[in-house]
file coords-v2.tsv (TSV, C-alpha atoms)
chain	number	residue	atom	x	y	z
A	106	MET	CA	61.23	112.29	57.69
A	107	VAL	CA	64.46	111.36	55.96
A	108	GLY	CA	63.71	113.76	53.14
A	109	VAL	CA	63.17	116.66	55.55
A	110	GLU	CA	66.52	115.97	57.23
A	111	LEU	CA	68.27	115.79	53.89
A	112	LYS	CA	66.89	119.12	52.72
A	113	GLY	CA	67.16	121.09	55.94
A	114	ALA	CA	70.00	119.69	58.16
A	115	PHE	CA	72.29	117.65	55.97
A	116	ARG	CA	74.74	118.79	53.34
A	117	GLY	CA	76.74	116.12	51.59
A	118	GLU	CA	76.74	112.96	49.53
A	119	THR	CA	73.74	110.69	49.32
A	120	ARG	CA	72.82	107.41	47.72
A	121	ARG	CA	69.25	106.29	47.18
A	122	SER	CA	68.15	109.26	49.32
A	123	LEU	CA	70.33	108.05	52.19
A	124	ARG	CA	73.35	109.87	53.53
A	125	SER	CA	76.37	108.05	52.14
A	126	GLY	CA	79.92	109.28	51.76
A	127	PHE	CA	81.06	112.56	53.33
A	128	GLY	CA	78.57	114.98	54.80
A	129	VAL	CA	77.82	117.58	57.48
A	130	TYR	CA	74.78	117.16	59.70
A	131	GLN	CA	73.38	119.81	62.04
A	132	TYR	CA	71.15	118.21	64.65
A	133	SER	CA	67.77	119.72	65.47
A	134	ASN	CA	69.35	120.45	68.83
A	135	PRO	CA	71.92	123.09	67.78
A	136	TYR	CA	74.30	121.90	70.50
A	137	PHE	CA	75.49	118.99	68.28
A	138	ARG	CA	77.05	118.91	64.83
A	139	TYR	CA	78.63	116.05	62.89
A	140	GLU	CA	81.18	116.19	60.12
A	141	GLY	CA	82.35	112.92	58.56
A	142	THR	CA	81.54	109.82	56.58
A	143	TRP	CA	78.19	108.06	56.34
A	144	HIS	CA	76.95	104.67	55.20
A	145	GLU	CA	73.32	103.89	54.47
A	146	GLY	CA	72.11	106.86	56.44
A	147	LYS	CA	74.27	106.25	59.52
A	148	LYS	CA	77.47	107.79	60.81
A	149	HIS	CA	80.05	105.21	59.86
A	150	GLY	CA	83.81	105.37	59.33
A	151	PHE	CA	85.73	108.46	60.43
A	152	GLY	CA	84.12	111.66	61.64
A	153	LYS	CA	83.98	114.48	64.16
A	154	LEU	CA	81.13	115.15	66.56
A	155	ILE	CA	81.28	118.79	67.73
A	156	PHE	CA	79.60	120.24	70.82
A	157	ALA	CA	78.63	123.90	71.21
A	158	ASP	CA	80.78	124.35	74.36
A	159	GLY	CA	83.96	123.52	72.41
A	160	SER	CA	84.11	119.82	73.30
A	161	TYR	CA	84.38	117.24	70.55
A	162	TYR	CA	84.91	113.60	69.62
A	163	GLN	CA	87.01	112.77	66.59
A	164	GLY	CA	87.57	109.23	65.47
A	165	GLU	CA	85.82	106.05	64.39
A	166	PHE	CA	82.06	105.55	64.20
A	167	THR	CA	80.30	102.22	63.72
A	168	HIS	CA	76.63	102.22	62.61
A	169	ASN	CA	75.87	105.56	64.28
A	170	GLU	CA	77.76	104.68	67.50
A	171	ILE	CA	81.09	105.91	68.83
A	172	ILE	CA	82.96	102.61	68.72
A	173	GLY	CA	86.67	102.27	67.92
A	174	GLN	CA	89.72	104.50	68.21
A	175	GLY	CA	89.31	108.20	68.72
A	176	THR	CA	89.99	111.36	70.71
A	177	ARG	CA	87.57	113.05	73.09
A	178	TYR	CA	88.19	116.59	74.33
A	179	PHE	CA	86.22	117.91	77.34
A	180	ALA	CA	86.13	121.71	77.25
A	181	ALA	CA	84.93	122.17	80.84
A	182	THR	CA	87.88	120.30	82.36
A	183	ARG	CA	90.35	120.59	79.42
A	184	ASN	CA	90.84	116.82	79.73
A	185	THR	CA	91.75	114.92	76.57
A	186	TYR	CA	91.33	111.18	76.11
A	187	THR	CA	92.87	109.28	73.20
A	188	GLY	CA	92.20	105.60	72.94
A	189	HIS	CA	89.45	103.05	72.46
A	190	PHE	CA	85.73	103.82	72.85
A	191	TYR	CA	82.76	101.52	73.20
A	192	TYR	CA	79.29	103.03	72.74
A	193	GLY	CA	80.61	106.49	73.53
A	194	GLU	CA	82.49	105.55	76.69
A	195	MET	CA	86.23	105.33	77.34
A	196	ASP	CA	86.67	101.58	77.30
A	197	GLY	CA	89.82	99.62	76.55
A	198	HIS	CA	93.35	100.97	76.37
A	199	GLY	CA	93.87	104.70	76.23
A	200	ARG	CA	95.56	107.78	77.56
A	201	LEU	CA	93.80	110.52	79.53
A	202	ARG	CA	95.66	113.82	79.88
A	203	MET	CA	94.10	116.11	82.47
A	204	GLY	CA	93.85	119.86	82.16
A	205	ASN	CA	96.65	120.25	84.72
A	206	ASP	CA	98.88	118.00	82.54
A	207	ASP	CA	98.59	114.97	84.85
A	208	CYS	CA	98.28	111.87	82.71
A	209	TYR	CA	96.86	108.37	83.07
A	210	GLU	CA	97.74	105.71	80.55
A	211	GLY	CA	96.32	102.24	80.81
A	212	ASP	CA	93.03	100.39	80.65
A	213	PHE	CA	89.56	101.90	81.06
A	214	LYS	CA	86.19	100.33	81.71
A	215	SER	CA	82.97	102.34	81.33
A	216	ASN	CA	84.79	105.68	81.65
A	217	HIS	CA	86.76	104.59	84.73
A	218	PHE	CA	90.43	103.72	85.25
A	219	GLU	CA	90.99	100.00	85.31
A	220	GLY	CA	94.70	99.83	84.72
A	221	GLU	CA	97.64	100.58	87.05
A	222	GLU	CA	99.68	103.57	85.92
A	223	GLN	CA	99.15	107.32	85.92
A	224	SER	CA	101.77	110.02	85.36
A	225	TYR	CA	101.63	113.51	86.87
A	226	VAL	CA	102.91	116.89	85.79
A	227	ASP	CA	105.33	117.03	88.74
A	228	GLY	CA	107.29	114.12	87.25
A	229	SER	CA	105.81	111.40	89.46
A	230	ARG	CA	103.95	108.27	88.43
A	231	TYR	CA	101.47	106.09	90.29
A	232	SER	CA	101.36	102.35	89.81
A	233	GLY	CA	98.81	100.33	91.73
A	234	ASP	CA	95.13	99.74	92.49
A	235	TRP	CA	92.22	101.99	91.49
A	236	VAL	CA	88.60	102.23	92.59
A	237	ALA	CA	86.23	104.69	90.88
A	238	ASP	CA	89.14	106.56	89.25
A	239	LYS	CA	90.87	107.08	92.59
A	240	ARG	CA	94.00	105.49	93.98
A	241	HIS	CA	92.65	102.91	96.39
A	242	GLY	CA	94.31	99.76	97.72
A	243	PHE	CA	98.04	99.18	97.41
A	244	GLY	CA	100.17	101.35	95.17
A	245	LYS	CA	103.49	103.09	94.60
A	246	LEU	CA	104.17	106.72	93.78
A	247	ILE	CA	107.50	106.99	91.94
A	248	ASP	CA	109.70	109.97	91.10
A	249	ILE	CA	110.42	109.20	87.45
A	250	GLN	CA	113.35	111.59	87.05
A	251	GLU	CA	115.21	110.67	90.24
A	252	GLY	CA	114.23	107.02	90.12
A	253	PHE	CA	113.14	106.54	93.74
A	254	VAL	CA	109.87	105.50	95.34
A	255	ILE	CA	108.14	108.45	97.02
A	256	TYR	CA	105.51	106.30	98.71
A	257	ALA	CA	104.72	102.61	98.77
A	258	GLY	CA	101.76	101.44	100.80
A	259	SER	CA	98.03	101.69	101.27
A	260	TRP	CA	95.78	104.28	99.62
A	261	LYS	CA	92.18	105.31	100.24
A	262	ASN	CA	90.09	107.71	98.15
A	263	ASP	CA	93.18	108.99	96.32
A	264	LEU	CA	95.11	109.70	99.56
A	265	MET	CA	97.93	107.86	101.37
A	266	TYR	CA	96.04	105.97	104.06
A	267	GLY	CA	97.27	103.03	106.12
A	268	GLU	CA	100.70	101.50	106.55
A	269	GLY	CA	103.38	102.60	104.16
A	270	THR	CA	106.84	104.10	103.61
A	271	TYR	CA	107.26	107.72	102.49
A	272	SER	CA	110.68	108.77	101.23
A	273	ILE	CA	112.57	111.81	99.96
A	274	GLY	CA	115.39	110.50	97.83
A	275	GLU	CA	118.03	108.60	99.77
A	276	THR	CA	118.02	110.99	102.72
A	277	TYR	CA	114.71	110.93	104.60
A	278	ALA	CA	112.24	108.10	105.08
A	279	TYR	CA	109.15	107.52	107.18
A	280	ARG	CA	109.41	103.74	107.25
A	281	ASN	CA	106.53	101.32	107.70
A	282	GLY	CA	104.49	103.86	109.64
A	283	MET	CA	100.80	104.63	109.80
A	284	ILE	CA	99.54	107.44	107.56
A	285	VAL	CA	96.08	109.02	107.48
A	286	ASN	CA	95.03	111.38	104.69
A	287	ASN	CA	98.61	111.94	103.48
A	288	TYR	CA	100.06	112.65	106.96
A	289	PRO	CA	101.61	110.40	109.62
A	290	VAL	CA	99.55	109.53	112.67
A	291	GLY	CA	100.39	112.03	115.41
A	292	TRP	CA	101.46	114.74	112.97
A	293	PRO	CA	102.87	117.35	113.32
A	294	PHE	CA	105.83	115.83	115.13
A	295	GLN	CA	107.86	117.71	117.73
A	296	LEU	CA	111.46	117.85	118.88
A	297	CYS	CA	112.03	116.79	122.49
A	298	VAL	CA	115.46	117.36	124.06
A	299	ASN	CA	116.64	114.99	126.79
A	300	GLU	CA	113.03	113.96	127.33
A	301	ASN	CA	112.21	117.37	128.78
A	302	GLN	CA	112.13	120.45	126.61
A	303	THR	CA	112.05	122.86	129.59
A	304	SER	CA	115.16	121.53	131.31
A	305	THR	CA	118.43	123.47	131.42
A	306	ILE	CA	121.62	121.99	130.01
A	307	GLU	CA	124.60	122.12	132.41
A	308	LEU	CA	127.94	122.07	130.60
A	309	THR	CA	131.34	121.45	132.19
A	310	GLU	CA	134.76	120.38	130.96
A	311	GLU	CA	133.49	116.81	130.70
A	312	PRO	CA	131.87	115.96	127.34
A	313	THR	CA	128.17	115.22	127.37
A	314	VAL	CA	125.53	113.93	124.97
A	315	ILE	CA	122.44	115.88	123.98
A	316	THR	CA	119.67	113.58	122.81
A	317	VAL	CA	116.91	114.90	120.56
A	318	ASP	CA	113.85	112.71	120.12
A	319	ILE	CA	111.19	113.17	117.45
A	320	ILE	CA	107.87	112.60	119.19
A	321	ASN	CA	104.27	112.53	118.02
A	322	THR	CA	101.44	114.68	119.34
A	323	LEU	CA	99.32	111.79	120.51
A	324	GLU	CA	98.39	111.45	124.17
A	325	ASN	CA	101.38	109.23	124.93
A	326	ALA	CA	103.78	111.55	123.01
A	327	SER	CA	106.04	108.63	122.12
A	328	ARG	CA	109.16	108.63	119.96
A	329	VAL	CA	108.44	108.17	116.24
A	330	GLU	CA	110.76	105.30	115.37
A	331	ALA	CA	109.52	105.33	111.76
A	332	ASP	CA	111.10	108.77	111.24
A	333	CYS	CA	114.61	108.33	109.81
A	334	GLY	CA	117.18	110.63	108.23
A	335	ARG	CA	115.86	113.96	109.45
A	336	LEU	CA	118.68	116.55	109.62
A	337	ILE	CA	118.91	118.27	113.02
A	338	ARG	CA	121.01	121.37	113.73
A	339	LEU	CA	122.32	122.71	117.06
A	340	ARG	CA	123.58	126.26	117.55
A	341	CYS	CA	124.46	128.34	120.60
A	342	GLY	CA	123.19	131.88	121.04
A	343	GLN	CA	123.78	134.60	123.60
A	344	LYS	CA	120.87	136.80	124.58
A	345	THR	CA	121.35	140.45	123.68
A	346	ASP	CA	119.61	143.71	124.54
A	347	GLN	CA	121.16	145.40	121.49
A	348	PRO	CA	120.22	143.24	118.50
A	349	THR	CA	121.74	143.83	115.07
A	350	SER	CA	120.71	142.69	111.63
A	351	ASP	CA	122.65	139.46	112.26
A	352	SER	CA	120.83	138.69	115.52
A	353	LEU	CA	118.18	135.98	115.56
A	354	PRO	CA	114.70	136.72	116.94
A	355	THR	CA	113.08	134.19	119.26
A	356	PRO	CA	109.40	133.56	120.06
A	357	PHE	CA	110.06	134.79	123.61
A	358	GLY	CA	110.61	138.45	122.85
A	359	TYR	CA	114.40	138.54	122.92
A	360	HIS	CA	117.16	138.22	120.31
A	361	VAL	CA	120.33	136.15	120.37
A	362	ASN	CA	123.71	136.50	118.74
A	363	LEU	CA	125.09	133.23	117.40
A	364	ILE	CA	128.38	132.05	118.88
A	365	PRO	CA	130.91	130.36	116.58
A	366	ARG	CA	132.22	126.91	117.34
A	367	THR	CA	135.67	126.72	118.87
A	368	ILE	CA	138.49	126.15	116.37
A	369	ARG	CA	141.12	123.83	117.79
A	370	SER	CA	144.73	124.84	117.37
A	371	SER	CA	146.03	121.30	117.71
A	372	PRO	CA	144.69	118.51	115.49
A	373	SER	CA	145.21	116.10	118.36
A	374	GLU	CA	142.61	117.89	120.44
A	375	GLU	CA	139.20	116.34	120.06
A	376	GLN	CA	136.08	118.30	119.36
A	377	PRO	CA	132.50	117.27	118.54
A	378	GLU	CA	132.16	116.34	114.90
A	379	ILE	CA	129.49	117.41	112.50
A	380	ALA	CA	127.65	114.26	111.62
A	381	SER	CA	127.94	113.37	107.95
A	382	ASN	CA	124.73	113.43	105.98
A	383	ASP	CA	124.01	113.22	102.25
A	384	GLN	CA	121.53	116.05	102.54
A	385	THR	CA	124.19	118.71	102.93
A	386	ASP	CA	127.48	119.72	101.40
A	387	ILE	CA	129.09	121.63	104.22
A	388	SER	CA	131.40	123.54	101.88
A	389	GLU	CA	128.30	124.94	100.17
A	390	ARG	CA	126.46	125.82	103.40
A	391	LYS	CA	128.63	128.64	104.77
A	392	HIS	CA	130.79	125.96	106.40
A	393	PHE	CA	128.45	125.92	109.42
A	394	GLN	CA	130.99	127.71	111.62
A	395	ASP	CA	128.31	128.14	114.27
A	396	SER	CA	126.48	124.82	113.83
A	397	MET	CA	126.57	121.15	114.72
A	398	LEU	CA	124.63	118.73	112.50
A	399	THR	CA	123.44	115.20	112.97
A	400	ALA	CA	120.98	112.90	111.22
A	401	ALA	CA	118.22	111.21	113.17
A	402	ASP	CA	117.69	107.46	113.03
A	403	THR	CA	114.58	105.69	114.31
A	404	GLY	CA	113.30	109.01	115.65
A	405	ARG	CA	116.41	109.96	117.62
A	406	ALA	CA	119.38	112.27	116.97
A	407	GLN	CA	122.40	112.73	119.25
A	408	PHE	CA	125.04	115.42	119.55
A	409	VAL	CA	128.04	113.70	121.11
A	410	GLY	CA	131.02	115.23	122.91
A	411	ILE	CA	129.64	118.67	123.72
A	412	ASN	CA	131.39	120.49	126.57
A	413	ILE	CA	132.11	124.00	127.75
A	414	ASP	CA	134.75	124.45	125.04
A	415	THR	CA	132.56	123.48	122.09
A	416	PHE	CA	131.54	127.09	121.46
A	417	THR	CA	133.65	130.20	121.88
A	418	ILE	CA	132.08	131.50	125.07
A	419	LYS	CA	133.29	134.86	126.41
A	420	LEU	CA	132.44	135.61	130.01
A	421	ALA	CA	132.67	139.08	131.55
A	422	SER	CA	134.78	138.93	134.75
A	423	SER	CA	134.26	141.17	137.81
A	424	THR	CA	137.07	143.71	138.15
A	425	ALA	CA	138.10	145.53	141.34
A	426	ALA	CA	138.80	149.28	141.38
A	427	PRO	CA	142.38	150.45	142.10
A	428	VAL	CA	143.08	150.46	145.84
A	429	SER	CA	145.37	153.04	147.54
A	430	PRO	CA	147.93	151.88	150.14
A	431	ALA	CA	146.19	153.88	152.83
A	432	SER	CA	143.03	151.95	152.43
A	433	THR	CA	144.65	148.53	152.26
A	434	GLN	CA	143.70	147.47	155.73
A	435	THR	CA	140.12	148.77	155.58
A	436	THR	CA	139.43	147.01	152.29
A	437	SER	CA	141.31	143.75	152.81
A	438	SER	CA	138.19	141.81	153.66
A	439	LYS	CA	136.37	143.14	150.57
A	440	ASN	CA	139.32	142.21	148.35
A	441	THR	CA	139.25	138.69	149.75
A	442	ARG	CA	135.58	138.40	148.82
A	443	ARG	CA	136.22	139.81	145.32
A	444	LYS	CA	138.85	137.13	144.67
A	445	ALA	CA	136.27	134.47	145.42
A	446	GLU	CA	133.65	135.99	143.13
A	447	LYS	CA	132.88	134.18	139.87
A	448	PRO	CA	132.69	135.95	136.51
A	449	THR	CA	129.36	137.49	135.54
A	450	MET	CA	127.39	134.88	133.55
A	451	PRO	CA	125.51	136.11	130.47
A	452	SER	CA	122.40	134.19	129.36
A	453	PHE	CA	122.94	131.50	126.73
A	454	VAL	CA	120.57	129.24	124.85
A	455	PHE	CA	120.93	126.24	122.55
A	456	ILE	CA	118.83	126.55	119.38
A	457	ILE	CA	117.87	123.13	118.01
A	458	ASP	CA	115.98	122.97	114.73
A	459	ASP	CA	115.03	120.75	111.83
A	460	ILE	CA	116.68	121.71	108.51
A	461	THR	CA	115.77	118.64	106.46
A	462	ASP	CA	115.61	119.57	102.78
A	463	PRO	CA	113.35	118.85	100.96
A	464	VAL	CA	110.92	119.27	103.86
A	465	PRO	CA	109.06	116.05	104.77
A	466	PHE	CA	105.28	116.38	104.66
A	467	ASN	CA	105.67	120.08	103.78
A	468	LYS	CA	106.46	121.26	107.31
A	469	SER	CA	109.67	121.55	109.30
A	470	LEU	CA	109.48	120.69	112.99
A	471	ASP	CA	109.23	123.59	115.42
A	472	THR	CA	112.49	124.93	116.86
A	473	VAL	CA	113.45	124.17	120.46
A	474	TYR	CA	115.21	126.79	122.63
A	475	LEU	CA	117.10	125.25	125.53
A	476	PRO	CA	118.70	127.34	128.31
A	477	VAL	CA	122.37	126.55	128.95
A	478	ASN	CA	124.44	126.96	132.10
A	479	PHE	CA	128.22	126.76	132.04
A	480	SER	CA	130.53	125.72	134.85
A	481	VAL	CA	133.01	128.60	134.93
A	482	THR	CA	135.59	127.01	137.22
A	483	HIS	CA	138.39	126.80	134.68
A	484	LEU	CA	137.28	129.89	132.74
A	485	ALA	CA	137.75	132.05	135.84
A	486	GLN	CA	141.34	130.99	136.23
call {"tool": "encode", "arguments": {"input": "coords-v2.tsv", "output": "structure tokens"}}
result
Amino acid sequence: MVGVELKGAFRGETRRSLRSGFGVYQYSNPYFRYEGTWHEGKKHGFGKLIFADGSYYQGEFTHNEIIGQGTRYFAATRNTYTGHFYYGEMDGHGRLRMGNDDCYEGDFKSNHFEGEEQSYVDGSRYSGDWVADKRHGFGKLIDIQEGFVIYAGSWKNDLMYGEGTYSIGETYAYRNGMIVNNYPVGWPFQLCVNENQTSTIELTEEPTVITVDIINTLENASRVEADCGRLIRLRCGQKTDQPTSDSLPTPFGYHVNLIPRTIRSSPSEEQPEIASNDQTDISERKHFQDSMLTAADTGRAQFVGINIDTFTIKLASSTAAPVSPASTQTTSSKNTRRKAEKPTMPSFVFIIDDITDPVPFNKSLDTVYLPVNFSVTHLAQ
């Protein structure tokens, strides 16, 4: 049997009719081919085992077995493992680079991850528990370049699952909240204004506070106190029947024209401030002439000091036609009524939206449109 193999399938060095030294062996199954060193008829030393699909193992052999240091390339997945093998399996310390360039480096046991760290092509790295090659237990996902923890908490079947903290840099954090399959419980969240999204805001000369809560979609629709640092924007729009390219469409079939914020002529006059937030450089964001910004904390954002003068509102006043002296007496009662009439009130709406960037959990919260009424007492004067 050995003689047949030597004559028909093996080309290389022999000693006492046994393969010894360097040689090439084509298996009777044409799927396999070996090129490398031999000792007393067995693959031993350094060699390369080639598979017909393009896969291969190249490295150390011990008495016909793949034992020692080597590299295994899997053509079907384009995965490449370099490290220690034991009887053909990834076992010991090594590095597995996936076809998508994700990378795990650490310990293996019987072809499975046993260590703690894996790096990914997006620049992140996981450090924590594994079960059956999946992140499972407690672990941290770290942004290597920026140096912050993306997520620290419980994992299940390779997904964020359980209590944990999810962060985007130093700006946004979902702190110590419950997560299921990579998303917070009650996701997607919603914006709720003054505890009633359908209410109408009444603005007068007196400053008021507009409170925006971030609520979940569970049955109780409670405020999500774990949600911190979300950037909320408030703008005022006037409904228009003649929209232009600058007008904003709404989901209700009408457009609005944005109204700029009022610019105070005297520095001593107070006006609502744009809340500071590390997520935005106002000088680089068109100066936000028509916007107010604030950052949410524990699921709540507040716009403080808003009154009727916050935005440059222009109201169309009723005007009386010229009256001739002859008709003064007959129209005196009508003129009296005209003096008491208030200006015509156009329709206004507050537009409140989530502009957090980067976007948490890959989805911005839906925009809220809130009708606004203005007390026109002092504007009519």
call {"tool": "closest_residue", "arguments": {"input": "coords-v2.tsv", "among": "A:Asn299, A:Asn281, A:Thr472, A:Thr367", "to": "Asp332 of chain A", "atoms": "all atoms listed in the file"}}
result
A:Asn281
call {"tool": "atom_distance", "arguments": {"input": "coords-v2.tsv", "atom1": "atom CA of Pro348 of chain A", "atom2": "atom CA of Asn362 of chain A"}}
result
7.6 Å
call {"tool": "residues_around", "arguments": {"input": "coords-v2.tsv", "residues": "segment 145-161 of chain A", "least_positions_apart": "6", "cutoff": "10 Å", "atoms": "all atoms listed in the file", "output": "ChimeraX atom specification"}}
result
/A:107,119-131,135-139,167-185
call {"tool": "atom_distance", "arguments": {"input": "coords-v2.tsv", "atom1": "atom CA of Gly269 of chain A", "atom2": "atom CA of Lys245 of chain A"}}
result
9.6 Å
call {"tool": "closest_residue", "arguments": {"input": "coords-v2.tsv", "among": "A:Asp248, A:Asp234, A:Glu275, A:Glu194", "to": "Glu222 of chain A", "atoms": "all atoms listed in the file"}}
result
A:Asp234
call {"tool": "residues_around", "arguments": {"input": "coords-v2.tsv", "residues": "segment 463-466 of chain A", "least_positions_apart": "2", "cutoff": "8 Å", "atoms": "all atoms listed in the file", "output": "list in words"}}
result
Ile273, Tyr277, Tyr288, Ile460, Thr461, Lys468 and Ser469 of chain A
call {"tool": "write_last_selection", "arguments": {"input": "coords-v2.tsv", "atoms": "C-alpha atoms", "output": "mmCIF file, in the frame of the given file"}}
result
data_model
loop_
_atom_site.group_PDB
_atom_site.id
_atom_site.type_symbol
_atom_site.label_atom_id
_atom_site.label_comp_id
_atom_site.auth_asym_id
_atom_site.auth_seq_id
_atom_site.Cartn_x
_atom_site.Cartn_y
_atom_site.Cartn_z
ATOM 1 C CA ILE A 273 112.570 111.810 99.960
ATOM 2 C CA TYR A 277 114.710 110.930 104.600
ATOM 3 C CA TYR A 288 100.060 112.650 106.960
ATOM 4 C CA ILE A 460 116.680 121.710 108.510
ATOM 5 C CA THR A 461 115.770 118.640 106.460
ATOM 6 C CA LYS A 468 106.460 121.260 107.310
ATOM 7 C CA SER A 469 109.670 121.550 109.300
#
call {"tool": "residues_around", "arguments": {"input": "coords-v2.tsv", "residues": "Asn287 of chain A", "least_positions_apart": "3", "cutoff": "7 Å", "atoms": "all atoms listed in the file", "output": "MDAnalysis selection string"}}
result
chainID A and resid 264:266 284
call {"tool": "atom_distance", "arguments": {"input": "coords-v2.tsv", "atom1": "atom CA of Ile315 of chain A", "atom2": "atom CA of Gly410 of chain A"}}
result
8.7 Å
call {"tool": "residues_around", "arguments": {"input": "coords-v2.tsv", "residues": "Pro356 of chain A", "least_positions_apart": "2", "cutoff": "10 Å", "atoms": "all atoms listed in the file", "output": "count of residues only"}}
result
6
call {"tool": "closest_residue", "arguments": {"input": "coords-v2.tsv", "among": "A:Arg116, A:Arg202, A:His144, A:Arg280", "to": "Gly334 of chain A", "atoms": "all atoms listed in the file"}}
result
A:Arg280
call {"tool": "residues_around", "arguments": {"input": "coords-v2.tsv", "residues": "Leu323 of chain A", "least_positions_apart": "2", "cutoff": "10 Å", "atoms": "all atoms listed in the file", "output": "PyMOL selection string"}}
result
chain A and resi 290-294+320-321+325-327
call {"tool": "closest_residue", "arguments": {"input": "coords-v2.tsv", "among": "A:Leu339, A:Val298, A:Ile457, A:Ile319", "to": "Leu398 of chain A", "atoms": "all atoms listed in the file"}}
result
A:Leu339
call {"tool": "closest_residue", "arguments": {"input": "coords-v2.tsv", "among": "A:Phe455, A:Ala406, A:Asp196, A:Ala237", "to": "Val314 of chain A", "atoms": "only C-alpha atoms"}}
result
A:Ala406
call {"tool": "decode", "arguments": {"input": "coords-v2.tsv", "residues": "segment 113-127 of chain A", "atoms": "N, CA, C and O atoms", "output": "short mmCIF file (atom, residue, chain, number, x, y, z; two decimals), in the first residue's frame"}}
result
data_model
loop_
_atom_site.label_atom_id
_atom_site.label_comp_id
_atom_site.auth_asym_id
_atom_site.auth_seq_id
_atom_site.Cartn_x
_atom_site.Cartn_y
_atom_site.Cartn_z
N GLY A 113 2.20 6.57 -7.17
CA GLY A 113 1.11 7.26 -7.86
C GLY A 113 0.77 8.62 -7.31
O GLY A 113 0.38 9.51 -8.06
N ALA A 114 0.86 8.91 -5.98
CA ALA A 114 0.34 10.13 -5.39
C ALA A 114 1.42 11.00 -4.77
O ALA A 114 1.15 12.17 -4.48
N PHE A 115 2.58 10.46 -4.55
CA PHE A 115 3.61 11.23 -3.84
C PHE A 115 4.79 11.51 -4.76
O PHE A 115 5.26 10.63 -5.47
N ARG A 116 5.25 12.79 -4.67
CA ARG A 116 6.46 13.15 -5.38
C ARG A 116 7.36 13.88 -4.40
O ARG A 116 6.99 14.92 -3.87
N GLY A 117 8.50 13.29 -4.10
CA GLY A 117 9.39 13.93 -3.16
C GLY A 117 10.45 13.00 -2.60
O GLY A 117 10.71 11.92 -3.15
N GLU A 118 11.02 13.39 -1.48
CA GLU A 118 12.11 12.65 -0.88
C GLU A 118 11.59 11.48 -0.06
O GLU A 118 10.53 11.57 0.58
N THR A 119 12.33 10.40 -0.08
CA THR A 119 11.97 9.23 0.70
C THR A 119 13.21 8.68 1.40
O THR A 119 14.36 8.97 1.02
N ARG A 120 12.95 7.86 2.39
CA ARG A 120 14.02 7.17 3.09
C ARG A 120 13.48 5.82 3.54
O ARG A 120 12.48 5.77 4.25
N ARG A 121 14.15 4.79 3.12
CA ARG A 121 13.70 3.42 3.41
C ARG A 121 12.24 3.25 2.98
O ARG A 121 11.39 2.75 3.71
N SER A 122 11.95 3.74 1.77
CA SER A 122 10.61 3.64 1.17
C SER A 122 9.56 4.42 1.93
O SER A 122 8.35 4.25 1.71
N LEU A 123 9.95 5.27 2.85
CA LEU A 123 9.00 6.11 3.57
C LEU A 123 9.22 7.58 3.19
O LEU A 123 10.37 8.00 2.98
N ARG A 124 8.13 8.29 3.09
CA ARG A 124 8.23 9.72 2.78
C ARG A 124 9.02 10.42 3.89
O ARG A 124 8.65 10.35 5.05
N SER A 125 10.08 11.10 3.51
CA SER A 125 10.93 11.76 4.49
C SER A 125 11.64 12.91 3.81
O SER A 125 12.26 12.73 2.76
N GLY A 126 11.56 14.09 4.41
CA GLY A 126 12.06 15.29 3.77
C GLY A 126 10.90 16.07 3.15
O GLY A 126 9.76 16.03 3.64
N PHE A 127 11.19 16.76 2.04
CA PHE A 127 10.12 17.55 1.41
C PHE A 127 9.42 16.73 0.32
O PHE A 127 10.06 16.02 -0.46
#
